[in-house]
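Trainee: Next comes the structure file my_file-v2.csv, holding CSV, C-alpha atoms.
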chain,number,residue,atom,x,y,z
N,1,MET,CA,70.0,108.1,126.3
N,2,THR,CA,67.0,108.3,128.6
N,3,LYS,CA,64.8,105.4,129.2
N,4,ILE,CA,61.1,105.6,128.5
N,5,LYS,CA,58.9,104.6,131.4
N,6,GLU,CA,57.2,101.3,130.6
N,7,SER,CA,53.9,102.8,131.9
N,8,SER,CA,54.1,105.8,129.6
N,9,THR,CA,51.3,106.6,127.1
N,10,TYR,CA,54.0,106.7,124.3
N,11,ASN,CA,55.2,103.2,125.2
N,12,ALA,CA,51.6,101.8,125.4
N,13,ASN,CA,50.7,103.4,122.0
N,14,ARG,CA,53.9,102.0,120.5
N,15,GLU,CA,53.2,98.5,121.7
N,16,ILE,CA,49.6,98.7,120.2
N,17,VAL,CA,51.0,99.8,116.8
N,18,ILE,CA,53.6,97.0,116.8
N,19,GLN,CA,50.9,94.4,117.5
N,20,GLU,CA,48.6,95.7,114.8
N,21,CYS,CA,50.9,96.7,112.0
N,22,PRO,CA,53.1,94.1,110.4
N,23,VAL,CA,55.4,96.7,108.8
N,24,THR,CA,56.1,98.2,112.2
N,25,TYR,CA,56.8,94.7,113.5
N,26,VAL,CA,59.4,94.1,110.8
N,27,MET,CA,61.0,97.5,111.2
N,28,ARG,CA,61.4,96.8,114.9
N,29,LYS,CA,63.2,93.6,114.1
N,30,ILE,CA,65.4,94.7,111.2
N,31,GLY,CA,65.1,98.5,111.2
N,32,GLY,CA,68.0,100.9,111.4
N,33,HIS,CA,71.0,101.5,109.3
N,34,TRP,CA,73.1,98.5,110.2
N,35,LYS,CA,70.8,95.5,110.8
N,36,PRO,CA,69.8,95.0,107.2
N,37,ILE,CA,73.4,95.2,106.1
N,38,ILE,CA,74.5,92.6,108.6
N,39,LEU,CA,71.7,90.3,107.4
N,40,PHE,CA,72.7,91.0,103.8
N,41,HIS,CA,76.3,89.8,104.5
N,42,LEU,CA,75.1,86.7,106.3
N,43,LEU,CA,72.9,85.6,103.4
N,44,SER,CA,75.9,84.1,101.7
N,45,GLY,CA,76.6,81.9,104.8
N,46,GLY,CA,78.0,82.0,108.3
N,47,LYS,CA,80.7,84.5,109.1
N,48,ARG,CA,83.1,85.1,111.8
N,49,TYR,CA,83.0,88.5,113.6
N,50,SER,CA,86.2,89.6,111.9
N,51,GLU,CA,84.7,88.8,108.5
N,52,ILE,CA,81.6,90.9,109.2
N,53,ARG,CA,83.7,93.7,110.6
N,54,LYS,CA,85.9,93.7,107.5
N,55,ALA,CA,82.8,93.7,105.2
N,56,MET,CA,81.4,96.7,107.1
N,57,PRO,CA,84.4,99.0,107.7
N,58,HIS,CA,82.3,102.1,108.6
N,59,ILE,CA,80.5,100.5,111.6
N,60,THR,CA,82.0,100.9,115.0
N,61,GLU,CA,82.8,97.8,117.1
N,62,LYS,CA,80.3,98.9,119.7
N,63,MET,CA,77.5,99.2,117.1
N,64,LEU,CA,78.3,95.9,115.5
N,65,ILE,CA,78.3,94.0,118.8
N,66,GLN,CA,75.1,95.7,119.9
N,67,HIS,CA,73.3,94.9,116.6
N,68,LEU,CA,74.5,91.3,116.5
N,69,LYS,CA,73.2,90.8,120.1
N,70,GLN,CA,69.8,92.4,119.1
N,71,LEU,CA,69.5,90.2,116.0
N,72,GLU,CA,70.4,87.1,118.2
N,73,THR,CA,67.8,88.1,120.8
N,74,ASP,CA,65.2,88.5,118.0
N,75,ASN,CA,66.1,85.0,116.8
N,76,LEU,CA,67.3,86.1,113.4
N,77,LEU,CA,70.9,84.8,113.8
N,78,THR,CA,72.7,82.4,116.0
N,79,ARG,CA,76.1,82.9,117.6
N,80,GLU,CA,78.3,79.8,118.0
N,81,ALA,CA,81.3,80.2,120.2
N,82,ARG,CA,83.9,77.4,120.2
N,83,PRO,CA,86.0,77.1,123.3
N,84,VAL,CA,89.4,77.6,121.8
N,85,VAL,CA,92.1,80.3,122.1
N,86,PRO,CA,91.8,82.7,120.4
N,87,PRO,CA,87.9,82.6,120.5
N,88,TYR,CA,86.3,81.3,117.4
N,89,VAL,CA,82.8,82.8,117.0
N,90,THR,CA,80.5,82.2,114.0
N,91,TYR,CA,77.3,84.1,113.2
N,92,THR,CA,74.7,82.3,111.1
N,93,LEU,CA,71.2,83.2,110.1
N,94,THR,CA,68.4,81.2,111.7
N,95,GLU,CA,65.4,79.9,109.7
N,96,ALA,CA,63.6,83.2,110.4
N,97,GLY,CA,66.7,85.2,109.3
N,98,ARG,CA,66.9,83.2,106.1
N,99,GLU,CA,63.2,83.9,105.4
N,100,LEU,CA,64.2,87.6,105.2
N,101,GLU,CA,66.3,86.9,102.1
N,102,ALA,CA,63.5,87.9,99.7
N,103,VAL,CA,63.0,91.1,101.6
N,104,ILE,CA,66.7,92.0,101.7
N,105,ASN,CA,67.1,91.1,98.0
N,106,ALA,CA,64.1,93.2,97.1
N,107,MET,CA,65.6,96.1,99.0
N,108,ALA,CA,68.9,95.7,97.1
N,109,ALA,CA,67.1,95.4,93.7
N,110,TRP,CA,65.1,98.6,94.4
N,111,ALA,CA,68.3,100.4,95.5
N,112,PHE,CA,70.1,99.5,92.2
N,113,LYS,CA,67.1,100.7,90.2
N,114,ASP,CA,66.9,103.9,92.2
N,115,MET,CA,70.6,104.5,91.9
N,116,GLN,CA,70.3,104.4,88.1
N,117,ARG,CA,67.6,107.1,88.4
N,118,ASN,CA,69.8,109.1,90.7
N,119,PRO,CA,73.4,108.5,89.5
N,120,ALA,CA,74.8,111.1,92.0
N,121,LEU,CA,74.0,108.7,94.9
N,122,GLU,CA,76.6,106.1,95.7
N,123,VAL,CA,76.0,103.2,98.1
N,124,ALA,CA,78.3,100.7,99.5
N,125,CYS,CA,77.8,98.0,102.1
Have the structure of the file written as structure tokens, please.
Mentor:
Amino acid sequence: MTKIKESSTYNANREIVIQECPVTYVMRKIGGHWKPIILFHLLSGGKRYSEIRKAMPHITEKMLIQHLKQLETDNLLTREARPVVPPYVTYTLTEAGRELEAVINAMAAWAFKDMQRNPALEVAC
């Protein structure tokens, strides 16, 4: 993937939109296919990496690790590593991450309603 120059017009315009549009700001934090699903699974409490991986069998390890790091960088989850062998790492939502519960639940409620309108669609997460 090629990097976009920080001084590019595209990048400058994107930053302006992010600053002025709250929806764009949220989508930058939790957008994409996997981040909302990770957050959904962590709503029930902290989970080890293997538990998240088992709950999301279709995600690759690389993508899961990448998204967990991004969510941690965005202060939506914390990673607690205990110094034992084998490593014991737990991921837990931060206060900001827990505040997304209403958003994630609203998305899930809308999905169930829409799936009833379109029974051919099947969704699993």
Trainee: Report, in Å to a single decimal, how far apart CA of Gly46 in chain N and CA of Thr92 in chain N are.
Mentor: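 Those two atoms sit 4.3 Å apart.
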Trainee: Rounded to one decimal place, report the CA of Ser50 in chain N-CA of Met107 in chain N distance in Å.
Mentor: 25.2 Å
Trainee: Between CA of Leu77 in chain N and CA of Leu39 in chain N, what is the distance, to one decimal in Å?
Mentor: 8.5 Å
Trainee: Pick the closest to Ala96 in chain N from N:Ile59, N:Leu76, N:Ala108, N:Val26: which is it, counting all atoms listed in the file?
Mentor: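 Using all atoms listed in the file, Ala96 in chain N sits closest to N:Leu76.
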Trainee: Given the choices N:Tyr49, N:Tyr25, N:Arg117, N:Glu61, which gets closest to Tyr88 in chain N if the distance is worked out from only C-alpha atoms?
Mentor: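 Checking each of N:Tyr49, N:Tyr25, N:Arg117, N:Glu61 against Tyr88 in chain N, counting only C-alpha atoms, the winner is N:Tyr49.
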Trainee: Smallest atom-to-atom distance to Lys47 in chain N: which of N:Leu71, N:Met27, N:Leu64, N:Leu93, using all atoms listed in the file?
Mentor: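 Closest candidate: N:Leu93.
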Trainee: Taking all atoms listed in the file into account, name the residue in N:Thr94, N:Asp114, N:Thr60, N:Ile37 that is nearest to Glu80 in chain N.
Mentor: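 Looking only at the distances to Glu80 in chain N, the closest residue turns out to be N:Thr94.
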Trainee: When you count all atoms listed in the file, which of these residues is closest to Ser44 in chain N: N:Ile65, N:Gln70, N:Asn105, N:Phe112?
Mentor: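 Distance minimum relative to Ser44 in chain N lands on N:Asn105.
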Trainee: Since fewer atoms than expected are present, regenerate N, CA and C atoms for range 39-50 of chain N and write them as an mmCIF file, keeping the file's coordinate frame.
Mentor:
data_model
loop_
_atom_site.group_PDB
_atom_site.id
_atom_site.type_symbol
_atom_site.label_atom_id
_atom_site.label_comp_id
_atom_site.auth_asym_id
_atom_site.auth_seq_id
_atom_site.Cartn_x
_atom_site.Cartn_y
_atom_site.Cartn_z
ATOM 1 N N LEU N 39 72.454 91.441 107.962
ATOM 2 C CA LEU N 39 71.700 90.300 107.400
ATOM 3 C C LEU N 39 72.094 90.050 105.963
ATOM 4 N N PHE N 40 72.286 91.102 105.168
ATOM 5 C CA PHE N 40 72.700 91.000 103.800
ATOM 6 C C PHE N 40 74.017 90.188 103.664
ATOM 7 N N HIS N 41 74.973 90.511 104.520
ATOM 8 C CA HIS N 41 76.300 89.800 104.500
ATOM 9 C C HIS N 41 76.173 88.378 104.936
ATOM 10 N N LEU N 42 75.241 88.083 105.828
ATOM 11 C CA LEU N 42 75.100 86.700 106.300
ATOM 12 C C LEU N 42 74.271 85.829 105.381
ATOM 13 N N LEU N 43 73.643 86.423 104.361
ATOM 14 C CA LEU N 43 72.900 85.600 103.400
ATOM 15 C C LEU N 43 73.740 84.622 102.664
ATOM 16 N N SER N 44 75.010 84.956 102.474
ATOM 17 C CA SER N 44 75.900 84.100 101.700
ATOM 18 C C SER N 44 76.472 82.948 102.611
ATOM 19 N N GLY N 45 76.136 82.941 103.897
ATOM 20 C CA GLY N 45 76.600 81.900 104.800
ATOM 21 C C GLY N 45 77.140 82.468 106.093
ATOM 22 N N GLY N 46 77.434 81.579 107.029
ATOM 23 C CA GLY N 46 78.000 82.000 108.300
ATOM 24 C C GLY N 46 79.271 82.728 108.195
ATOM 25 N N LYS N 47 79.467 83.675 109.074
ATOM 26 C CA LYS N 47 80.700 84.500 109.100
ATOM 27 C C LYS N 47 81.211 84.667 110.471
ATOM 28 N N ARG N 48 82.517 84.774 110.575
ATOM 29 C CA ARG N 48 83.100 85.100 111.800
ATOM 30 C C ARG N 48 82.987 86.631 112.052
ATOM 31 N N TYR N 49 83.117 87.048 113.295
ATOM 32 C CA TYR N 49 83.000 88.500 113.600
ATOM 33 C C TYR N 49 83.942 89.306 112.774
ATOM 34 N N SER N 50 85.184 88.864 112.641
ATOM 35 C CA SER N 50 86.200 89.600 111.900
ATOM 36 C C SER N 50 85.784 89.773 110.409
#
